[in-house]
Structure formats: structure tokens, C-alpha cells
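File shown: data_12.pdb (PDB, C-alpha atoms).
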```pdb
ATOM      1  CA  MET A  29       0.000   0.000   0.000
ATOM      2  CA  ARG A  30       1.456   3.348  -1.064
ATOM      3  CA  LEU A  31       1.732   6.170   1.453
ATOM      4  CA  LYS A  32      -0.414   9.183   0.549
ATOM      5  CA  LEU A  33      -0.131  12.374   2.555
ATOM      6  CA  VAL A  34      -2.948  13.917   0.521
ATOM      7  CA  PRO A  35      -5.861  12.022  -1.072
ATOM      8  CA  GLN A  36      -5.499  11.496  -4.806
ATOM      9  CA  SER A  37      -8.694  13.451  -5.490
ATOM     10  CA  THR A  38      -9.291  16.723  -3.624
ATOM     11  CA  SER A  39     -11.576  19.663  -4.265
ATOM     12  CA  PHE A  40     -10.164  22.530  -2.214
ATOM     13  CA  ASP A  41     -11.045  26.058  -3.266
ATOM     14  CA  PHE A  42      -7.681  27.813  -3.143
ATOM     15  CA  PHE A  43      -9.089  31.176  -4.205
ATOM     16  CA  SER A  44     -11.988  31.608  -1.798
ATOM     17  CA  ARG A  45      -9.660  33.597   0.489
ATOM     18  CA  TRP A  46      -7.239  34.972  -2.062
ATOM     19  CA  LYS A  47      -7.138  38.400  -0.390
ATOM     20  CA  LEU A  48      -6.081  36.785   2.888
ATOM     21  CA  TRP A  49      -3.231  34.825   1.275
ATOM     22  CA  LEU A  50      -1.928  37.810  -0.650
ATOM     23  CA  GLY A  51      -2.308  39.969   2.458
ATOM     24  CA  ILE A  52      -0.215  37.534   4.509
ATOM     25  CA  SER A  53       2.458  37.464   1.802
ATOM     26  CA  ALA A  54       2.497  41.261   1.517
ATOM     27  CA  LEU A  55       2.746  41.672   5.306
ATOM     28  CA  MET A  56       5.610  39.188   5.543
ATOM     29  CA  MET A  57       7.468  40.922   2.710
ATOM     30  CA  ILE A  58       7.014  44.319   4.405
ATOM     31  CA  VAL A  59       8.339  42.921   7.700
ATOM     32  CA  ALA A  60      11.296  41.344   5.873
ATOM     33  CA  PHE A  61      12.112  44.543   3.990
ATOM     34  CA  THR A  62      11.789  46.679   7.129
ATOM     35  CA  SER A  63      14.056  44.350   9.088
ATOM     36  CA  PHE A  64      16.624  44.491   6.297
ATOM     37  CA  LEU A  65      16.585  48.309   6.339
ATOM     38  CA  LEU A  66      16.746  48.617  10.138
ATOM     39  CA  GLN A  67      19.004  45.688  11.109
ATOM     40  CA  GLY A  68      20.673  44.654   7.900
ATOM     41  CA  LEU A  69      22.223  41.211   7.574
ATOM     42  CA  ASN A  70      24.692  39.512   9.872
ATOM     43  CA  TYR A  71      27.363  39.112   7.194
ATOM     44  CA  GLY A  72      29.905  36.336   7.575
ATOM     45  CA  ILE A  73      33.585  36.410   6.716
ATOM     46  CA  ASP A  74      32.912  36.192   2.976
ATOM     47  CA  PHE A  75      31.207  39.605   3.015
ATOM     48  CA  ARG A  76      32.786  41.360   6.013
ATOM     49  CA  GLY A  77      36.402  40.575   5.360
ATOM     50  CA  GLY A  78      38.951  38.977   7.665
ATOM     51  CA  THR A  79      42.116  36.902   7.675
ATOM     52  CA  THR A  80      42.850  33.498   6.127
ATOM     53  CA  ILE A  81      45.465  31.203   7.663
ATOM     54  CA  ARG A  82      46.658  28.177   5.677
ATOM     55  CA  THR A  83      48.012  25.333   7.790
ATOM     56  CA  GLN A  84      49.622  21.959   7.161
ATOM     57  CA  SER A  85      50.083  18.996   9.464
ATOM     58  CA  ALA A  86      51.069  15.334   9.263
ATOM     59  CA  GLN A  87      48.130  14.537  11.542
ATOM     60  CA  GLU A  88      44.629  14.170  10.140
ATOM     61  CA  ILE A  89      42.725  17.403  10.492
ATOM     62  CA  ASP A  90      40.103  17.409  13.233
ATOM     63  CA  VAL A  91      37.948  20.475  12.626
ATOM     64  CA  GLY A  92      36.266  20.078  16.005
ATOM     65  CA  SER A  93      39.552  20.103  17.948
ATOM     66  CA  TYR A  94      40.793  23.118  15.951
ATOM     67  CA  ARG A  95      37.586  24.988  16.759
ATOM     68  CA  ASP A  96      37.735  24.008  20.455
ATOM     69  CA  ALA A  97      41.331  25.183  20.667
ATOM     70  CA  MET A  98      40.430  28.638  19.356
ATOM     71  CA  ALA A  99      37.159  29.006  21.276
ATOM     72  CA  PRO A 100      38.767  30.675  24.362
ATOM     73  CA  LEU A 101      40.123  33.450  22.108
ATOM     74  CA  GLU A 102      36.533  34.619  21.382
ATOM     75  CA  LEU A 103      37.285  35.671  17.814
ATOM     76  CA  GLY A 104      33.694  35.540  16.617
ATOM     77  CA  ASP A 105      32.949  33.957  13.260
ATOM     78  CA  ILE A 106      35.539  31.300  12.372
ATOM     79  CA  SER A 107      35.396  29.003   9.339
ATOM     80  CA  ILE A 108      37.621  25.909   9.128
ATOM     81  CA  THR A 109      37.751  23.783   5.982
ATOM     82  CA  GLU A 110      40.063  20.968   4.937
ATOM     83  CA  VAL A 111      41.737  21.377   1.550
ATOM     84  CA  PHE A 112      41.727  18.259  -0.623
ATOM     85  CA  ASP A 113      44.193  17.925  -3.491
ATOM     86  CA  PRO A 114      45.255  14.693  -5.273
ATOM     87  CA  THR A 115      48.833  15.974  -5.397
ATOM     88  CA  PHE A 116      49.094  16.069  -1.590
ATOM     89  CA  GLY A 117      50.984  13.252   0.101
ATOM     90  CA  PRO A 118      49.657  11.260   3.091
ATOM     91  CA  ASP A 119      51.466  13.577   5.523
ATOM     92  CA  GLU A 120      50.151  16.766   3.866
ATOM     93  CA  ASN A 121      46.892  17.628   5.594
ATOM     94  CA  VAL A 122      46.059  21.204   4.690
ATOM     95  CA  ALA A 123      43.367  23.384   6.251
ATOM     96  CA  MET A 124      42.085  26.900   5.588
ATOM     97  CA  ILE A 125      41.072  28.906   8.662
ATOM     98  CA  LEU A 126      39.092  32.110   8.123
ATOM     99  CA  ILE A 127      38.786  34.570  10.999
ATOM    100  CA  GLN A 128      36.423  37.524  10.719
ATOM    101  CA  ALA A 129      37.746  41.087  10.909
ATOM    102  CA  GLN A 130      37.876  42.345  14.494
ATOM    103  CA  ASP A 131      36.500  45.730  15.587
ATOM    104  CA  ASP A 132      35.879  46.925  12.008
ATOM    105  CA  SER A 133      39.574  46.592  11.171
ATOM    106  CA  GLU A 134      40.547  45.297   7.756
ATOM    107  CA  ALA A 135      42.715  42.458   9.062
ATOM    108  CA  VAL A 136      43.351  40.498  12.219
ATOM    109  CA  THR A 137      46.243  41.902  14.255
ATOM    110  CA  ALA A 138      49.623  40.204  14.485
ATOM    111  CA  ALA A 139      49.044  39.534  18.196
ATOM    112  CA  THR A 140      45.762  37.756  17.435
ATOM    113  CA  ILE A 141      47.408  35.646  14.713
ATOM    114  CA  ALA A 142      50.174  34.678  17.158
ATOM    115  CA  ALA A 143      47.547  33.649  19.729
ATOM    116  CA  VAL A 144      45.741  31.552  17.094
ATOM    117  CA  GLU A 145      48.970  29.824  16.078
ATOM    118  CA  GLU A 146      49.777  29.066  19.713
ATOM    119  CA  ALA A 147      46.299  27.629  20.314
ATOM    120  CA  LEU A 148      46.410  25.465  17.177
ATOM    121  CA  ALA A 149      49.863  24.161  18.131
ATOM    122  CA  LEU A 150      48.230  22.601  21.200
ATOM    123  CA  ALA A 151      45.714  20.766  19.004
ATOM    124  CA  ALA A 152      48.338  19.655  16.445
ATOM    125  CA  PRO A 153      51.938  19.926  17.740
ATOM    126  CA  ASP A 154      53.535  19.511  14.289
ATOM    127  CA  ILE A 155      51.322  22.110  12.605
ATOM    128  CA  GLN A 156      52.925  24.492  10.111
ATOM    129  CA  PHE A 157      51.541  27.854   9.058
ATOM    130  CA  LEU A 158      52.072  28.192   5.326
ATOM    131  CA  SER A 159      50.509  31.589   4.693
ATOM    132  CA  VAL A 160      48.470  34.371   6.249
ATOM    133  CA  GLU A 161      46.331  36.542   3.968
ATOM    134  CA  SER A 162      43.764  39.261   4.560
ATOM    135  CA  VAL A 163      40.425  39.698   2.795
ATOM    136  CA  GLY A 164      39.685  43.412   2.797
ATOM    137  CA  PRO A 165      36.392  45.299   2.508
ATOM    138  CA  THR A 166      36.925  45.930  -1.227
ATOM    139  CA  VAL A 167      36.883  42.228  -2.042
ATOM    140  CA  SER A 168      33.938  41.711   0.306
ATOM    141  CA  GLY A 169      31.996  44.491  -1.432
ATOM    142  CA  GLU A 170      32.638  42.872  -4.798
ATOM    143  CA  LEU A 171      31.318  39.556  -3.449
ATOM    144  CA  ILE A 172      28.077  41.222  -2.317
ATOM    145  CA  GLN A 173      27.640  42.866  -5.720
ATOM    146  CA  THR A 174      28.353  39.583  -7.537
ATOM    147  CA  ALA A 175      25.905  37.715  -5.300
ATOM    148  CA  VAL A 176      23.113  40.211  -6.046
ATOM    149  CA  ILE A 177      23.818  39.976  -9.783
ATOM    150  CA  ALA A 178      23.766  36.146  -9.629
ATOM    151  CA  VAL A 179      20.321  36.066  -8.000
ATOM    152  CA  ALA A 180      18.951  38.761 -10.328
ATOM    153  CA  LEU A 181      20.231  36.958 -13.443
ATOM    154  CA  ALA A 182      18.723  33.679 -12.227
ATOM    155  CA  ILE A 183      15.301  35.284 -11.795
ATOM    156  CA  GLY A 184      15.639  37.058 -15.162
ATOM    157  CA  ALA A 185      16.487  33.769 -16.890
ATOM    158  CA  VAL A 186      13.407  32.208 -15.293
ATOM    159  CA  LEU A 187      11.255  35.047 -16.648
ATOM    160  CA  VAL A 188      12.468  34.415 -20.204
ATOM    161  CA  TYR A 189      12.171  30.615 -19.873
ATOM    162  CA  ILE A 190       8.567  30.682 -18.615
ATOM    163  CA  TRP A 191       7.628  33.349 -21.155
ATOM    164  CA  LEU A 192       8.889  31.185 -24.029
ATOM    165  CA  ARG A 193       7.445  27.943 -22.666
ATOM    166  CA  PHE A 194       4.035  29.309 -21.678
ATOM    167  CA  GLU A 195       2.799  32.919 -21.946
ATOM    168  CA  TRP A 196       3.880  36.201 -20.420
ATOM    169  CA  GLN A 197       1.137  35.977 -17.759
ATOM    170  CA  PHE A 198       2.606  32.678 -16.555
ATOM    171  CA  ALA A 199       6.081  34.257 -16.533
ATOM    172  CA  LEU A 200       5.008  37.187 -14.347
ATOM    173  CA  GLY A 201       3.232  34.848 -11.924
ATOM    174  CA  ALA A 202       6.299  32.602 -11.615
ATOM    175  CA  VAL A 203       8.708  35.527 -11.147
ATOM    176  CA  ALA A 204       6.418  37.120  -8.538
ATOM    177  CA  ALA A 205       6.563  33.853  -6.603
ATOM    178  CA  LEU A 206      10.367  33.676  -6.890
ATOM    179  CA  VAL A 207      10.844  37.283  -5.744
ATOM    180  CA  HIS A 208       8.469  36.534  -2.857
ATOM    181  CA  ASP A 209      10.595  33.514  -1.835
ATOM    182  CA  VAL A 210      13.926  35.356  -2.070
ATOM    183  CA  ILE A 211      12.708  38.384  -0.088
ATOM    184  CA  LEU A 212      11.225  36.233   2.681
ATOM    185  CA  THR A 213      14.395  34.133   2.907
ATOM    186  CA  ILE A 214      16.639  37.190   3.170
ATOM    187  CA  GLY A 215      14.147  38.665   5.635
ATOM    188  CA  ILE A 216      14.250  35.693   8.006
ATOM    189  CA  PHE A 217      18.047  35.881   8.058
ATOM    190  CA  SER A 218      17.827  39.584   8.898
ATOM    191  CA  GLU A 219      15.157  39.138  11.577
ATOM    192  CA  LEU A 220      16.965  36.270  13.335
ATOM    193  CA  GLN A 221      20.454  37.691  12.605
ATOM    194  CA  ILE A 222      21.687  34.331  11.327
ATOM    195  CA  ARG A 223      25.120  34.471   9.692
ATOM    196  CA  PHE A 224      24.786  35.332   6.003
ATOM    197  CA  ASP A 225      27.646  34.133   3.783
ATOM    198  CA  LEU A 226      28.293  32.681   0.328
ATOM    199  CA  PRO A 227      26.656  29.285   1.022
ATOM    200  CA  ILE A 228      23.416  31.180   1.696
ATOM    201  CA  ILE A 229      23.630  32.668  -1.810
ATOM    202  CA  ALA A 230      23.920  29.106  -3.105
ATOM    203  CA  ALA A 231      20.844  28.246  -1.027
ATOM    204  CA  LEU A 232      18.922  31.181  -2.543
ATOM    205  CA  LEU A 233      19.696  29.986  -6.065
ATOM    206  CA  THR A 234      18.661  26.450  -5.095
ATOM    207  CA  ILE A 235      15.402  27.785  -3.652
ATOM    208  CA  VAL A 236      14.738  29.607  -6.922
ATOM    209  CA  GLY A 237      15.136  26.326  -8.803
ATOM    210  CA  TYR A 238      13.018  24.338  -6.349
ATOM    211  CA  SER A 239      10.169  26.862  -6.313
ATOM    212  CA  LEU A 240      10.286  27.153 -10.091
ATOM    213  CA  ASN A 241       9.978  23.379 -10.440
ATOM    214  CA  ASP A 242       6.832  23.353  -8.296
ATOM    215  CA  THR A 243       5.360  26.290 -10.191
ATOM    216  CA  VAL A 244       6.050  24.759 -13.619
ATOM    217  CA  VAL A 245       4.335  21.507 -12.591
ATOM    218  CA  VAL A 246       1.183  23.451 -11.679
ATOM    219  CA  PHE A 247       1.370  25.660 -14.777
ATOM    220  CA  ASP A 248       1.828  22.636 -17.041
ATOM    221  CA  ARG A 249      -1.379  21.150 -15.683
ATOM    222  CA  VAL A 250      -3.125  24.524 -16.058
ATOM    223  CA  ARG A 251      -2.160  24.666 -19.731
ATOM    224  CA  GLU A 252      -3.449  21.128 -20.305
ATOM    225  CA  ASN A 253      -6.722  21.871 -18.528
ATOM    226  CA  LEU A 254      -7.252  25.135 -20.411
ATOM    227  CA  ARG A 255      -7.425  23.039 -23.564
ATOM    228  CA  LYS A 256      -9.456  20.309 -21.892
ATOM    229  CA  TYR A 257     -12.076  22.493 -20.162
ATOM    230  CA  LYS A 258     -12.733  25.239 -22.683
ATOM    231  CA  LYS A 259     -16.046  26.313 -21.133
ATOM    232  CA  LYS A 260     -14.929  26.494 -17.482
ATOM    233  CA  ASP A 261     -13.814  29.860 -16.135
ATOM    234  CA  LEU A 262     -10.150  30.381 -15.286
ATOM    235  CA  LYS A 263     -10.679  30.240 -11.526
ATOM    236  CA  GLU A 264     -12.236  26.776 -11.781
ATOM    237  CA  VAL A 265      -9.505  25.525 -14.133
ATOM    238  CA  LEU A 266      -6.819  26.737 -11.717
ATOM    239  CA  ASN A 267      -8.512  25.039  -8.778
ATOM    240  CA  ILE A 268      -8.771  21.773 -10.707
ATOM    241  CA  SER A 269      -5.110  21.978 -11.744
ATOM    242  CA  ILE A 270      -3.790  22.704  -8.247
ATOM    243  CA  ASN A 271      -5.907  19.928  -6.733
ATOM    244  CA  GLU A 272      -4.659  17.467  -9.358
ATOM    245  CA  THR A 273      -1.017  18.255  -8.552
ATOM    246  CA  LEU A 274      -1.472  18.752  -4.791
ATOM    247  CA  SER A 275      -0.551  15.189  -3.835
ATOM    248  CA  ARG A 276       2.692  15.382  -5.796
ATOM    249  CA  THR A 277       3.517  18.850  -4.402
ATOM    250  CA  VAL A 278       3.006  17.852  -0.767
ATOM    251  CA  MET A 279       4.854  14.538  -1.104
ATOM    252  CA  THR A 280       7.853  16.213  -2.771
ATOM    253  CA  SER A 281       8.026  18.955  -0.133
ATOM    254  CA  VAL A 282       7.671  16.602   2.829
ATOM    255  CA  THR A 283      10.335  14.159   1.622
ATOM    256  CA  THR A 284      12.696  17.061   0.903
ATOM    257  CA  LEU A 285      12.064  18.494   4.365
ATOM    258  CA  LEU A 286      12.769  15.140   6.018
ATOM    259  CA  ALA A 287      16.236  15.072   4.449
ATOM    260  CA  LEU A 288      16.899  18.739   5.277
ATOM    261  CA  ILE A 289      15.785  18.435   8.894
ATOM    262  CA  SER A 290      18.098  15.445   9.322
ATOM    263  CA  LEU A 291      20.984  17.516   7.949
ATOM    264  CA  TYR A 292      20.073  20.439  10.206
ATOM    265  CA  VAL A 293      20.091  18.260  13.327
ATOM    266  CA  LEU A 294      23.071  16.034  12.491
ATOM    267  CA  GLY A 295      25.091  18.026   9.961
ATOM    268  CA  GLY A 296      26.934  20.305  12.361
ATOM    269  CA  ASP A 297      27.421  24.047  12.555
ATOM    270  CA  VAL A 298      29.285  24.398   9.255
ATOM    271  CA  ILE A 299      26.232  23.736   7.035
ATOM    272  CA  ARG A 300      23.473  24.691   9.482
ATOM    273  CA  GLY A 301      22.865  28.132   7.946
ATOM    274  CA  PHE A 302      22.646  26.692   4.437
ATOM    275  CA  VAL A 303      20.244  23.950   5.547
ATOM    276  CA  PHE A 304      18.070  26.407   7.486
ATOM    277  CA  ALA A 305      17.755  28.551   4.353
ATOM    278  CA  MET A 306      16.748  25.473   2.353
ATOM    279  CA  ILE A 307      14.123  24.400   4.917
ATOM    280  CA  TRP A 308      12.587  27.857   4.956
ATOM    281  CA  GLY A 309      12.813  28.073   1.161
ATOM    282  CA  VAL A 310      11.010  24.765   0.621
ATOM    283  CA  ILE A 311       8.156  25.905   2.892
ATOM    284  CA  VAL A 312       7.680  29.351   1.341
ATOM    285  CA  GLY A 313       8.368  27.991  -2.155
ATOM    286  CA  THR A 314       5.569  25.445  -1.849
ATOM    287  CA  TYR A 315       3.248  28.115  -0.471
ATOM    288  CA  SER A 316       4.073  30.623  -3.215
ATOM    289  CA  SER A 317       3.629  28.077  -6.025
ATOM    290  CA  VAL A 318       0.041  27.492  -4.927
ATOM    291  CA  PHE A 319      -1.103  30.812  -3.497
ATOM    292  CA  VAL A 320       1.075  33.507  -5.118
ATOM    293  CA  ALA A 321       1.945  32.381  -8.666
ATOM    294  CA  SER A 322      -1.541  31.008  -9.387
ATOM    295  CA  THR A 323      -3.294  34.057  -7.897
ATOM    296  CA  ILE A 324      -1.212  36.412 -10.045
ATOM    297  CA  LEU A 325      -2.070  34.267 -13.072
ATOM    298  CA  LEU A 326      -5.780  34.457 -12.232
ATOM    299  CA  TRP A 327      -5.572  38.235 -11.858
ATOM    300  CA  LEU A 328      -3.777  38.717 -15.199
ATOM    301  CA  GLY A 329      -5.926  36.225 -17.136
ATOM    302  CA  VAL A 330      -4.694  33.919 -19.900
ATOM    303  CA  LYS A 331      -5.724  32.764 -23.349
ATOM    304  CA  ARG A 332      -8.418  30.091 -23.479
ATOM    305  CA  ASP A 333      -6.644  28.633 -26.512
ATOM    306  CA  TRP A 334      -3.281  29.272 -28.096
ATOM    307  CA  SER A 335      -4.465  30.774 -31.371
ATOM    308  CA  LYS A 336      -6.389  33.917 -30.467
ATOM    309  CA  PRO A 337      -6.068  36.433 -27.636
ATOM    310  CA  SER A 338      -8.375  36.273 -24.650
ATOM    311  CA  ASN A 339     -10.618  39.014 -23.353
ATOM    312  CA  THR A 340      -9.974  37.875 -19.773
ATOM    313  CA  SER A 341      -8.383  40.517 -17.604
ATOM    314  CA  GLY A 342      -8.167  41.668 -14.028
ATOM    315  CA  ASN A 343     -11.908  41.129 -13.506
ATOM    316  CA  GLN A 344     -11.282  37.400 -12.908
ATOM    317  CA  PHE A 345     -11.809  38.067  -9.226
ATOM    318  CA  ALA A 346     -15.247  39.524  -9.734
ATOM    319  CA  ASN A 347     -16.980  36.319  -8.669
ATOM    320  CA  VAL A 348     -14.476  35.263  -6.058
ATOM    321  CA  ASP A 349     -15.675  35.614  -2.496
ATOM    322  CA  ALA A 350     -13.342  37.584  -0.304
TER     323      ALA A 350
END
```

Once more with this new file: its structure as C-alpha cells, please.
Amino acid sequence: MRLKLVPQSTSFDFFSRWKLWLGISALMMIVAFTSFLLQGLNYGIDFRGGTTIRTQSAQEIDVGSYRDAMAPLELGDISITEVFDPTFGPDENVAMILIQAQDDSEAVTAATIAAVEEALALAAPDIQFLSVESVGPTVSGELIQTAVIAVALAIGAVLVYIWLRFEWQFALGAVAALVHDVILTIGIFSELQIRFDLPIIAALLTIVGYSLNDTVVVFDRVRENLRKYKKKDLKEVLNISINETLSRTVMTSVTTLLALISLYVLGGDVIRGFVFAMIWGVIVGTYSSVFVASTILLWLGVKRDWSKPSNTSGNQFANVDA
């Protein structure tokens, strides 16, 4: 017997309270935007700048022991990653240690670096310090600019893709949902002051892809049903389409969340921010695919066939109960 989280056949009316759903989304976006303006983001080393120390040891690298050794120094955000290279020998275990800039200075002081080296020598007596480099605010500013461009280009590419595959009304609905997801994800990081670094940008781009996939599944069924039910109004066709894909949408989201929650609990501090962004993104992405993208599509109206333009317009909500 197959597990079904949602019955195969449902008949929910997703547009009976469309004003409420859009109102909730608008309120959450306003809160997110306000938090971003007032608090900003808690930028990590990638965006704030800091100092990178490259180490080498014959012992296997234990990230936990390295982190414990430096904990008494109270240096704030520290990132430790092991460097893998096929050219390294068995006694060449290389690590990169990133320490955030202290007190708005561009680089960590020489005294702090000496204290870090002394602490790490306790964790790995044969450790060698190959290089010490600083990441200044100029590089960090370029990373922020590049990250913004990456997200904007991804959303722009989605707009063109949906426009070519469906119609421009579908494209605007999908992009509205994606912008909604990105703003709410950035907002939750601002409100909770969770560290925001380059892996979170990767999470944002992944969320865009995940939400788009959900939206395209619904829109594909809408296009099929527009041809199938030529005499039904658009609201009814949208409801039928969402109900037909609801089981698949819920099952996909729940199974994805199970994997992400496991990673969040067991994966450790290094990937916790990335996984949190993904969990939040899956939730809001599923919500926006059903309640934001489809509502925008209903408001704009679409062709009832693909050969002549439709007279449907913003009055689609005329018979929808608030």
C-alpha cells in the first residue's frame, strides 16, 4: 500500500480567500524589507572581510579540535575547511582557517594571529603555518555585488524561460513567486540575525530552482486543462489543476524536508545556515507556487486557446468571495 499524505482526489477552493493569502504574503514581505533596512544582515567572513590562515600537518585534520582550541580566544565567526588535493601526500593535511575582521579593522592583528597559532599548536603539535592573507572590505563588497547579480540573473532567466514555454502571464506569476521567496528568505536571516555568507547565496539559487519546479508543474497542468475544459472559467480551471497536482507537491516537499531536517540536526554548525535557508525556502516555495503564482495568473488572465487572444483581464476576481 502506497503512502499518501494527501488524497489522490481533492476539491479545495484555493481562491476563496485569495485576499487573505496575498495579504499575509504582503505583510511578511514588508516585515522582511523593514528588518533588512533597520538591522541589515549579519554578514559572515565572505562579506565582512577577515584573515585566512593556511596550515599543514602530518596529523589528520580534526575540525572540532581546531575549533575548540580557538574558542577561548573569542574571535567571533571562524570558518575551518580541509583542503583536498590529489597531489598532496599522506602527511600533507592542509586546512584553511578564516577569521572575521575584528572591531571593524581590515585584518586580524599580528598579536591575534600569534595567539591563534599558539592555540592550534596545542591541538596539532607539528602544525605548520604556510601563509596568512587578509580579505579586505573591497573584495567583500565585490562579493556582495556579484551575489546580487547572480540572484537577479537567475530570476531574469526564469522570466524568459517561462515566457517562451508558456505565456507572459505565466512568466510574471512565476517571477512574482520567486521574488516573494527570495525576499522572505533574506528577511528571516535579517530578523533572526543568522550568519549570512556565500553558502546562503547558493541556497537562494537552489530555492529559486526548487520553487520554479513546483510552479512549472502546476502551470503545465493549467495549460493542459485550459485546452481540456474550454467552457470552465479560469478560476475553476486553476482550482482543478492545483488539486490534481497537490498530492505530488506535498509529497515532494515533505520528503525534501525530512532530508533537510536530518541535515540540520546532524550536519553540524558548518552547514546549518545553508540547511536552514533550504528548509525555509522549501516551505515558502511550496506556499508561493500554490497561493502567489496562481493568484497572479488568475488576476492577469490567460488565453483560453493558443491561437487567439483572450478578453480575460483583471476582472477574474469579480466572482471570487473575499

Practice problem: Quick one: pull the distance between atom CA of Trp46 of chain A and atom CA of Val186 of chain A, Å, one decimal. | Solution: 24.7 Å

Take the PyMOL selection byres ((chain A and resi 155) around 8), apply it to the structure above, and return the hits as a tab-separated table (two decimals) with C-alpha atoms, in the coordinates of the input.
```tsv
chain	number	residue	atom	x	y	z
A	83	THR	CA	48.01	25.33	7.79
A	84	GLN	CA	49.62	21.96	7.16
A	85	SER	CA	50.08	19.00	9.46
A	86	ALA	CA	51.07	15.33	9.26
A	148	LEU	CA	46.41	25.46	17.18
A	149	ALA	CA	49.86	24.16	18.13
A	152	ALA	CA	48.34	19.66	16.44
A	153	PRO	CA	51.94	19.93	17.74
A	154	ASP	CA	53.54	19.51	14.29
A	156	GLN	CA	52.92	24.49	10.11
A	157	PHE	CA	51.54	27.85	9.06
```

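Rounded to one decimal, atom CA of Ala60 of chain A and atom CA of His208 of chain A lie 10.4 Å from each other.
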
Who sits within 8 Å of segment 261-272 of chain A, only C-alpha atoms, same chain under 2 positions skipped, as a PDB file with C-alpha atoms, in the frame of the given file:
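The new file out.pdb reads:
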```pdb
ATOM      1  CA  GLN A  36      -5.499  11.496  -4.806  1.00  0.00           C
ATOM      2  CA  SER A  37      -8.694  13.451  -5.490  1.00  0.00           C
ATOM      3  CA  THR A  38      -9.291  16.723  -3.624  1.00  0.00           C
ATOM      4  CA  SER A  39     -11.576  19.663  -4.265  1.00  0.00           C
ATOM      5  CA  PHE A  40     -10.164  22.530  -2.214  1.00  0.00           C
ATOM      6  CA  ASP A  41     -11.045  26.058  -3.266  1.00  0.00           C
ATOM      7  CA  PHE A  42      -7.681  27.813  -3.143  1.00  0.00           C
ATOM      8  CA  PHE A  43      -9.089  31.176  -4.205  1.00  0.00           C
ATOM      9  CA  VAL A 246       1.183  23.451 -11.679  1.00  0.00           C
ATOM     10  CA  ARG A 249      -1.379  21.150 -15.683  1.00  0.00           C
ATOM     11  CA  VAL A 250      -3.125  24.524 -16.058  1.00  0.00           C
ATOM     12  CA  ASN A 253      -6.722  21.871 -18.528  1.00  0.00           C
ATOM     13  CA  LEU A 254      -7.252  25.135 -20.411  1.00  0.00           C
ATOM     14  CA  TYR A 257     -12.076  22.493 -20.162  1.00  0.00           C
ATOM     15  CA  LYS A 259     -16.046  26.313 -21.133  1.00  0.00           C
ATOM     16  CA  LEU A 274      -1.472  18.752  -4.791  1.00  0.00           C
ATOM     17  CA  SER A 275      -0.551  15.189  -3.835  1.00  0.00           C
ATOM     18  CA  VAL A 318       0.041  27.492  -4.927  1.00  0.00           C
ATOM     19  CA  SER A 322      -1.541  31.008  -9.387  1.00  0.00           C
ATOM     20  CA  LEU A 326      -5.780  34.457 -12.232  1.00  0.00           C
ATOM     21  CA  GLY A 329      -5.926  36.225 -17.136  1.00  0.00           C
ATOM     22  CA  VAL A 330      -4.694  33.919 -19.900  1.00  0.00           C
ATOM     23  CA  GLN A 344     -11.282  37.400 -12.908  1.00  0.00           C
TER      24      GLN A 344
END
```

Quiz prompt | Residues near Trp191 of chain A, cut-off 12 Å, only C-alpha atoms, skip fewer than 3 positions along chain, as a count of residues only | solution = 17

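Run against this file, the PyMOL selection byres ((chain A and resi 107) around 6) gives back Ile106, Ile108, Ile125 and Leu126 of chain A.
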
For the interface of segment 75-98 of chain A with segment 290-313 of chain A (cut-off 12 Å, counting all atoms listed in the file), please tabulate each contacting residue of segment 75-98 of chain A alongside its nearest pair of atoms and their separation in Å to one decimal, rows sorted by chain and increasing number, as JSON lines.
```
{"residue": "A:Val91", "atom": "CA", "partner": "A:Val298", "partner_atom": "CA", "distance": 10.1}
{"residue": "A:Gly92", "atom": "CA", "partner": "A:Gly296", "partner_atom": "CA", "distance": 10.0}
{"residue": "A:Arg95", "atom": "CA", "partner": "A:Asp297", "partner_atom": "CA", "distance": 11.0}
```
